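Raw data35.cif, mmCIF, C-alpha atoms:
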```cif
data_upload
#
loop_
_atom_site.label_atom_id
_atom_site.label_comp_id
_atom_site.auth_asym_id
_atom_site.auth_seq_id
_atom_site.Cartn_x
_atom_site.Cartn_y
_atom_site.Cartn_z
CA MET A 1 17.79 -33.05 1.75
CA THR A 2 18.71 -30.11 -0.45
CA GLN A 3 19.69 -26.69 0.77
CA ARG A 4 20.12 -23.36 -0.92
CA ASP A 5 21.74 -20.31 0.62
CA LEU A 6 20.71 -16.98 -0.80
CA PRO A 7 22.89 -14.48 1.06
CA GLY A 8 21.85 -11.20 -0.49
CA PRO A 9 19.38 -10.82 -3.34
CA VAL A 10 15.92 -9.47 -2.67
CA GLN A 11 13.22 -11.78 -4.04
CA GLN A 12 10.06 -9.71 -3.62
CA ARG A 13 8.99 -6.15 -2.86
CA GLY A 14 5.76 -4.66 -1.60
CA ILE A 15 4.21 -1.53 -0.17
CA VAL A 16 2.64 -1.13 3.26
CA GLY A 17 -0.97 -0.28 2.46
CA SER A 18 -3.99 0.92 4.36
CA GLU A 19 -5.05 -2.68 5.09
CA ALA A 20 -2.19 -2.78 7.65
CA VAL A 21 -3.30 0.38 9.48
CA ASP A 22 -5.10 0.09 12.81
CA LEU A 23 -7.74 2.50 14.09
CA ASP A 24 -5.13 4.56 15.94
CA GLY A 25 -3.05 4.98 12.78
CA SER A 26 -0.37 2.47 13.80
CA ILE A 27 0.86 -0.35 11.55
CA ARG A 28 0.02 -3.78 12.93
CA ALA A 29 3.00 -6.13 13.00
CA GLY A 30 0.81 -9.10 12.14
CA ALA A 31 0.03 -7.58 8.75
CA LEU A 32 3.61 -8.39 7.71
CA GLY A 33 2.60 -12.03 8.11
CA VAL A 34 0.86 -11.89 4.73
CA PHE A 35 4.15 -11.01 3.05
CA ALA A 36 6.01 -13.63 5.12
CA ASP A 37 3.67 -16.55 4.42
CA THR A 38 3.27 -15.73 0.74
CA VAL A 39 6.87 -14.98 -0.20
CA PHE A 40 8.88 -17.30 2.03
CA ALA A 41 6.85 -20.36 1.08
CA GLY A 42 7.80 -19.85 -2.55
CA PRO A 43 11.20 -21.57 -2.67
CA VAL A 44 9.87 -24.70 -0.94
CA MET A 45 7.10 -24.95 -3.51
CA GLN A 46 9.61 -24.44 -6.31
CA ASN A 47 11.81 -27.28 -4.97
CA ARG A 48 9.05 -29.79 -4.16
CA PRO A 49 10.01 -33.41 -4.87
CA SER A 50 6.90 -34.17 -6.93
CA PRO A 51 4.62 -32.12 -9.22
CA THR A 52 1.64 -33.59 -7.38
CA PHE A 53 2.69 -31.94 -4.10
CA GLY A 54 1.20 -28.79 -2.67
CA ILE A 55 2.29 -27.14 0.57
CA VAL A 56 0.68 -26.03 3.80
CA THR A 57 2.22 -23.96 6.57
CA SER A 58 3.01 -25.75 9.84
CA GLU A 59 4.53 -22.88 11.81
CA LEU A 60 5.43 -19.25 11.27
CA SER A 61 7.66 -17.31 13.65
CA MET A 62 8.46 -13.62 13.37
CA ASN A 63 10.58 -11.26 15.46
CA PHE A 64 10.30 -7.50 15.21
CA PRO A 65 13.56 -5.87 16.35
CA THR A 66 12.60 -2.33 15.35
CA THR A 67 9.52 -0.18 15.07
CA MET A 68 6.98 -0.85 12.36
CA PRO A 69 7.22 0.68 8.87
CA SER A 70 5.14 3.69 7.95
CA PHE A 71 2.16 3.76 5.63
CA GLY A 72 3.28 3.67 2.00
CA GLU A 73 6.80 2.50 2.85
CA LEU A 74 8.48 0.20 0.35
CA ILE A 75 9.48 -3.09 1.94
CA SER A 76 11.43 -6.02 0.56
CA MET A 77 11.76 -9.70 1.42
CA ARG A 78 14.98 -11.71 1.30
CA GLN A 79 15.19 -15.49 1.75
CA ASP A 80 18.49 -16.41 3.38
CA THR A 81 18.32 -20.18 3.91
CA VAL A 82 16.07 -22.82 2.36
CA GLU A 83 15.88 -26.50 3.32
CA VAL A 84 13.70 -29.00 1.47
CA THR A 85 13.12 -32.66 2.38
CA ARG A 86 10.67 -35.31 1.17
CA VAL A 87 8.11 -34.20 3.74
CA GLY A 88 8.41 -30.41 3.69
CA GLY A 89 10.76 -27.51 4.11
CA ASN A 90 12.04 -24.63 6.20
CA VAL A 91 12.88 -21.09 5.15
CA THR A 92 14.51 -18.28 7.09
CA GLY A 93 14.82 -14.70 5.93
CA VAL A 94 14.18 -11.06 6.66
CA ILE A 95 11.70 -8.36 5.80
CA LEU A 96 13.46 -5.06 5.20
CA GLY A 97 12.20 -1.50 5.27
CA GLU A 98 13.63 1.47 3.45
CA GLY A 99 17.34 1.91 4.05
CA ASN A 100 17.61 -1.87 4.61
CA ARG A 101 16.24 -1.53 8.14
CA VAL A 102 15.34 -5.01 9.43
CA LEU A 103 11.62 -4.97 10.19
CA SER A 104 11.30 -8.68 10.90
CA THR A 105 13.28 -11.89 10.96
CA VAL A 106 11.18 -14.80 9.71
CA HIS A 107 11.16 -18.58 9.99
CA ILE A 108 8.49 -20.63 8.27
CA ALA A 109 8.05 -24.42 8.36
CA LEU A 110 5.95 -26.11 5.68
CA ARG A 111 4.85 -29.61 4.85
CA PHE A 112 3.88 -31.21 1.57
CA ILE A 113 0.39 -32.47 0.75
CA ASP A 114 0.09 -34.99 -2.11
CA HIS A 115 -2.91 -34.06 -4.27
CA GLY A 116 -2.57 -37.24 -6.33
CA ARG A 117 -2.46 -35.24 -9.55
CA GLU A 118 -0.27 -32.52 -10.99
CA TYR A 119 -0.82 -29.44 -8.88
CA GLU A 120 -0.02 -25.82 -9.67
CA PRO A 121 -1.14 -23.04 -7.31
CA LEU A 122 -2.31 -19.66 -8.49
CA GLY A 123 0.30 -16.93 -8.84
CA LEU A 124 1.30 -14.59 -6.05
CA PRO A 125 -1.50 -12.18 -5.10
CA LYS A 126 -1.01 -8.52 -5.80
CA MET A 127 0.36 -6.73 -2.76
CA ASP A 128 -0.72 -3.22 -3.71
CA ALA A 129 -2.80 -1.38 -1.10
CA PRO A 130 -6.49 -2.14 -1.80
CA GLY A 131 -7.60 1.12 -0.18
CA PHE A 132 -9.44 -0.06 2.92
CA SER A 133 -8.49 -0.16 6.58
CA LEU A 134 -7.70 -3.17 8.76
CA ALA A 135 -10.92 -2.57 10.69
CA THR A 136 -12.91 -2.62 7.44
CA LEU A 137 -11.17 -5.81 6.36
CA LEU A 138 -11.57 -7.71 9.64
CA GLY A 139 -13.99 -5.78 11.88
CA VAL A 140 -13.26 -4.41 15.35
CA PRO A 141 -12.53 -6.92 18.15
CA GLU A 142 -14.43 -6.75 21.42
CA ALA A 143 -12.16 -6.43 24.43
CA GLN A 144 -12.33 -6.24 28.21
CA GLU A 145 -10.12 -7.11 31.20
CA GLY A 146 -7.17 -8.51 29.26
CA GLU A 147 -9.24 -10.54 26.82
CA ALA A 148 -10.47 -9.92 23.29
CA PHE A 149 -12.38 -11.79 20.61
CA LEU A 150 -13.56 -11.41 17.05
CA ARG A 151 -15.83 -13.44 14.79
CA LYS A 152 -15.06 -13.42 11.08
CA LYS A 153 -16.30 -15.35 8.08
CA VAL A 154 -13.59 -16.77 5.81
CA ALA A 155 -14.43 -14.75 2.70
CA PRO A 156 -12.73 -15.22 -0.70
CA HIS A 157 -10.41 -12.24 -0.20
CA LEU A 158 -9.11 -13.88 3.03
CA ALA A 159 -8.53 -17.32 1.49
CA ASN A 160 -5.59 -18.98 -0.25
CA PRO A 161 -5.81 -20.68 -3.69
CA SER A 162 -6.96 -23.90 -1.98
CA GLY A 163 -10.02 -22.20 -0.51
CA MET A 164 -8.76 -22.05 3.08
CA LEU A 165 -7.95 -19.15 5.37
CA HIS A 166 -4.65 -17.75 4.12
CA GLY A 167 -1.75 -18.47 6.48
CA GLY A 168 -0.62 -14.86 6.49
CA ILE A 169 -4.13 -13.59 7.14
CA ALA A 170 -4.30 -15.94 10.13
CA VAL A 171 -1.19 -14.22 11.53
CA THR A 172 -2.72 -10.81 10.90
CA ILE A 173 -5.97 -11.68 12.67
CA LEU A 174 -4.25 -13.31 15.66
CA GLU A 175 -1.92 -10.36 16.27
CA TYR A 176 -4.71 -7.83 15.64
CA VAL A 177 -6.95 -9.42 18.29
CA ALA A 178 -4.05 -10.01 20.71
CA SER A 179 -3.14 -6.32 20.50
CA ARG A 180 -6.56 -5.55 21.97
CA ALA A 181 -6.05 -8.02 24.80
CA VAL A 182 -2.80 -6.34 25.87
CA HIS A 183 -4.10 -2.80 25.45
CA GLU A 184 -3.96 -0.56 28.51
CA GLU A 185 -5.12 3.01 28.94
CA THR A 186 -1.84 3.96 30.66
CA SER A 187 0.66 2.11 28.45
CA ALA A 188 1.22 1.44 24.75
CA TRP A 189 2.63 -1.89 23.55
CA GLU A 190 4.14 -2.97 20.24
CA CYS A 191 4.65 -6.54 19.07
CA GLU A 192 8.12 -7.94 19.67
CA SER A 193 7.64 -11.54 18.54
CA LEU A 194 5.03 -14.08 17.55
CA ARG A 195 4.84 -17.79 16.85
CA VAL A 196 1.82 -19.29 15.12
CA ASN A 197 1.12 -23.03 14.76
CA TYR A 198 -1.25 -24.29 12.07
CA LEU A 199 -3.23 -27.30 13.28
CA ARG A 200 -5.94 -27.63 10.63
CA PRO A 201 -7.44 -25.49 7.85
CA ALA A 202 -10.34 -23.06 8.19
CA PRO A 203 -12.43 -23.57 5.01
CA LEU A 204 -13.93 -20.85 2.88
CA GLY A 205 -17.37 -19.83 4.16
CA GLU A 206 -16.80 -20.87 7.78
CA GLU A 207 -17.20 -18.28 10.54
CA VAL A 208 -14.18 -18.55 12.80
CA LYS A 209 -13.83 -17.17 16.32
CA VAL A 210 -10.54 -15.53 17.24
CA THR A 211 -9.82 -15.16 20.96
CA ALA A 212 -6.83 -13.74 22.82
CA ARG A 213 -5.94 -13.25 26.47
CA ARG A 214 -3.14 -11.52 28.28
CA VAL A 215 -1.18 -14.07 30.32
CA HIS A 216 1.57 -11.87 31.75
CA THR A 217 2.22 -8.17 32.19
CA GLY A 218 5.59 -6.96 33.45
CA ARG A 219 7.28 -3.61 33.58
CA ASN A 220 8.38 -3.70 29.95
CA LEU A 221 6.99 -6.99 28.61
CA CYS A 222 3.48 -8.27 27.99
CA VAL A 223 2.64 -11.78 26.76
CA ALA A 224 -0.60 -12.97 25.17
CA ASP A 225 -1.99 -16.26 23.86
CA ALA A 226 -4.41 -16.35 20.94
CA LYS A 227 -6.25 -18.95 18.90
CA ILE A 228 -8.62 -19.37 15.97
CA ALA A 229 -11.42 -21.93 16.26
CA LEU A 230 -14.11 -23.33 13.98
CA PRO A 231 -17.81 -23.32 14.94
CA ASN A 232 -17.46 -26.91 16.19
CA GLY A 233 -14.79 -25.77 18.64
CA LYS A 234 -11.84 -27.37 16.85
CA VAL A 235 -8.81 -25.08 16.92
CA THR A 236 -7.13 -24.20 13.62
CA ASN A 237 -4.32 -21.97 14.89
CA ILE A 238 -2.63 -21.21 18.19
CA ALA A 239 -0.21 -18.38 18.86
CA ARG A 240 1.96 -16.88 21.56
CA LEU A 241 2.86 -13.23 21.18
CA SER A 242 5.09 -10.92 23.18
CA TYR A 243 4.82 -7.14 23.29
CA ARG A 244 7.33 -4.54 24.46
CA LYS A 245 6.35 -1.28 26.07
CA VAL A 246 6.59 1.70 23.77
CA GLN A 247 9.16 4.08 25.18
CA GLU A 248 7.95 7.65 25.24
#
```
As structure tokens - that is how I would like this structure written.
Amino acid sequence: MTQRDLPGPVQQRGIVGSEAVDLDGSIRAGALGVFADTVFAGPVMQNRPSPTFGIVTSELSMNFPTTMPSFGELISMRQDTVEVTRVGGNVTGVILGEGNRVLSTVHIALRFIDHGREYEPLGLPKMDAPGFSLATLLGVPEAQEGEAFLRKKVAPHLANPSGMLHGGIAVTILEYVASRAVHEETSAWECESLRVNYLRPAPLGEEVKVTARRVHTGRNLCVADAKIALPNGKVTNIARLSYRKVQE
């Protein structure tokens, strides 16, 4: 096992674009999952034991200790600890807003896939705002009585270089739909934490169904479960998300 500690330098920067903005003008926490999955997987890929290895995400956990960034805010990503073994790797780090405000703490677990030939993924996607809203990108979930669902085809702009639903997009969709399941007319909730497990890929061209349900509502805490499933019913991702009440 090799380990690298990177206690300060910022590795990547990005801008919060319109694709992270919900219909009410708020920034969805799950949209930061695209940055997390893309950037924090990088050092594991760079330290893979064999040039024939690719990587897939096994689990992504994010905590959101402060309010979300604003539209157009410059954010940065810093990897703090990297572990790489023969079977995969783990990375922890933070996503920072302007003024070094911690927007999210991140842990990602990845595993290696042997392609049997030399494998090089495409470069990092551009993170500039493409100019369309989250609703335009994903559609609007249907919701009622603490449940919500959305059907979405895995289009090329939602896929990773291997032709599967991008791990960060999966986080975005799960949190986006879960936010509808926890919505109440009398209270506003913001995401406090999420954990997503990746069970199998969702291939390009498949129409996936994303469902979420509220499993607990307390005075200041709401918890939801969400999943993504293929047309045959097999689940690709499961998530548990917690939301804190927005203090007025």
If the PyMOL selection byres ((chain A and resi 64-75) around 6) were run on this exact file, what residues would it hold? Put them as a CSV table (one decimal) with C-alpha atoms, keeping the file's coordinate frame.
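This went into expr07.csv:
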```csv
chain,number,residue,atom,x,y,z
A,13,ARG,CA,9.0,-6.2,-2.9
A,14,GLY,CA,5.8,-4.7,-1.6
A,15,ILE,CA,4.2,-1.5,-0.2
A,16,VAL,CA,2.6,-1.1,3.3
A,17,GLY,CA,-1.0,-0.3,2.5
A,63,ASN,CA,10.6,-11.3,15.5
A,76,SER,CA,11.4,-6.0,0.6
A,96,LEU,CA,13.5,-5.1,5.2
A,97,GLY,CA,12.2,-1.5,5.3
A,103,LEU,CA,11.6,-5.0,10.2
A,104,SER,CA,11.3,-8.7,10.9
A,192,GLU,CA,8.1,-7.9,19.7
A,193,SER,CA,7.6,-11.5,18.5
```
Which residues would end up in the selection if the PyMOL selection byres ((chain A and resi 24-35) around 7) were applied here, given that I need the answer as a ChimeraX atom specification?
/A:20-23,36-39,68-70,168-169,171-172,175-176,191
Generate the output file for the selected residues, C-alpha atoms, as a short mmCIF file (atom, residue, chain, number, x, y, z; two decimals), in the coordinates of the input.
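Everything below was put into result-v9.cif:
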```
data_model
loop_
_atom_site.label_atom_id
_atom_site.label_comp_id
_atom_site.auth_asym_id
_atom_site.auth_seq_id
_atom_site.Cartn_x
_atom_site.Cartn_y
_atom_site.Cartn_z
CA ALA A 20 -2.19 -2.78 7.65
CA VAL A 21 -3.30 0.38 9.48
CA ASP A 22 -5.10 0.09 12.81
CA LEU A 23 -7.74 2.50 14.09
CA ALA A 36 6.01 -13.63 5.12
CA ASP A 37 3.67 -16.55 4.42
CA THR A 38 3.27 -15.73 0.74
CA VAL A 39 6.87 -14.98 -0.20
CA MET A 68 6.98 -0.85 12.36
CA PRO A 69 7.22 0.68 8.87
CA SER A 70 5.14 3.69 7.95
CA GLY A 168 -0.62 -14.86 6.49
CA ILE A 169 -4.13 -13.59 7.14
CA VAL A 171 -1.19 -14.22 11.53
CA THR A 172 -2.72 -10.81 10.90
CA GLU A 175 -1.92 -10.36 16.27
CA TYR A 176 -4.71 -7.83 15.64
CA CYS A 191 4.65 -6.54 19.07
#
```
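Among the candidate residues A:Leu60, A:Leu110, A:Ile228, A:Leu221, the one lying nearest to Arg244 (chain A) is A:Leu221, with distances computed using all atoms listed in the file.
Applied to the file shown here, the PyMOL selection byres ((chain A and resi 239) around 10) selects the residues Glu59, Leu60, Ser61, Ala170, Val171, Leu174, Glu175, Ala178, Leu194, Arg195, Val196, Asn197, Tyr198, Ala212, Ala224, Asp225, Ala226, Lys227, Ile228, Asn237, Ile238, Arg240 and Leu241 of chain A.
Close contacts of Pro231 (chain A), defined as residues with an atom at most 10 Å away when counting only C-alpha atoms, with chain neighbours fewer than 2 positions off set aside, comprise Glu206, Glu207, Val208, Lys209, Ala229, Gly233, Lys234 and Val235 of chain A.
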Grab the CA of Leu150 (chain A) to CA of Ser179 (chain A) distance for me, in Å with one decimal place.
12.1 Å
For a cutoff of 12 Å around the file-coordinate point (-14.8, -4.4, 12.4), which residues qualify once you count all atoms listed in the file? I'd like the result as a PyMOL selection string.
chain A and resi 22-23+132-142+149-153+173+176-177
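Note that CA of Val56 (chain A) and CA of Val84 (chain A) are 13.6 Å apart.
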Applying 8 Å and only C-alpha atoms, which residues near His107 (chain A) remain after dropping the ones on its own chain fewer than 3 positions away? List them as a PDB file with C-alpha atoms, in the frame of the given file.
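selection37.pdb, freshly written:
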```
ATOM      1  CA  LEU A  60       5.430 -19.250  11.270  1.00  0.00           C
ATOM      2  CA  SER A  61       7.660 -17.310  13.650  1.00  0.00           C
ATOM      3  CA  MET A  62       8.460 -13.620  13.370  1.00  0.00           C
ATOM      4  CA  ASN A  90      12.040 -24.630   6.200  1.00  0.00           C
ATOM      5  CA  VAL A  91      12.880 -21.090   5.150  1.00  0.00           C
ATOM      6  CA  THR A  92      14.510 -18.280   7.090  1.00  0.00           C
ATOM      7  CA  GLY A  93      14.820 -14.700   5.930  1.00  0.00           C
TER       8      GLY A  93
END
```
One decimal place gives the CA of Tyr243 (chain A)-CA of Val223 (chain A) separation as 6.2 Å
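Using all atoms listed in the file, the nearest neighbour of His183 (chain A) within the list A:Ile55, A:Val154, A:Ala159, A:Val246 is A:Val246.
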Test item: residues at most 9 Å from Ile113 (chain A), only C-alpha atoms, excluding those fewer than 3 positions along its chain, as a compact mmCIF listing (two decimals) with C-alpha atoms, in the coordinates of the input:
```txt
# COMPACT_ATOMS: atom_id res chain seq x y z
CA THR A 52 1.64 -33.59 -7.38
CA PHE A 53 2.69 -31.94 -4.10
CA GLY A 54 1.20 -28.79 -2.67
CA ILE A 55 2.29 -27.14 0.57
CA VAL A 56 0.68 -26.03 3.80
CA VAL A 87 8.11 -34.20 3.74
CA GLY A 88 8.41 -30.41 3.69
```
Around the point (9.8, 0.1, 30.0) (coordinates from the file), which residues reach within 10 Å if we count only C-alpha atoms? Answer as a PyMOL selection string.
chain A and resi 187+189+218-221+244-248
Selection to disk with C-alpha atoms, as an mmCIF file, in the coordinates of the input:
```cif
data_model
loop_
_atom_site.group_PDB
_atom_site.id
_atom_site.type_symbol
_atom_site.label_atom_id
_atom_site.label_comp_id
_atom_site.auth_asym_id
_atom_site.auth_seq_id
_atom_site.Cartn_x
_atom_site.Cartn_y
_atom_site.Cartn_z
ATOM 1 C CA SER A 187 0.660 2.110 28.450
ATOM 2 C CA TRP A 189 2.630 -1.890 23.550
ATOM 3 C CA GLY A 218 5.590 -6.960 33.450
ATOM 4 C CA ARG A 219 7.280 -3.610 33.580
ATOM 5 C CA ASN A 220 8.380 -3.700 29.950
ATOM 6 C CA LEU A 221 6.990 -6.990 28.610
ATOM 7 C CA ARG A 244 7.330 -4.540 24.460
ATOM 8 C CA LYS A 245 6.350 -1.280 26.070
ATOM 9 C CA VAL A 246 6.590 1.700 23.770
ATOM 10 C CA GLN A 247 9.160 4.080 25.180
ATOM 11 C CA GLU A 248 7.950 7.650 25.240
#
```
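Counting only C-alpha atoms, the residue from A:Leu199, A:Val94, A:Leu230, A:Ile108 that sits nearest to Ala41 (chain A) is A:Ile108.
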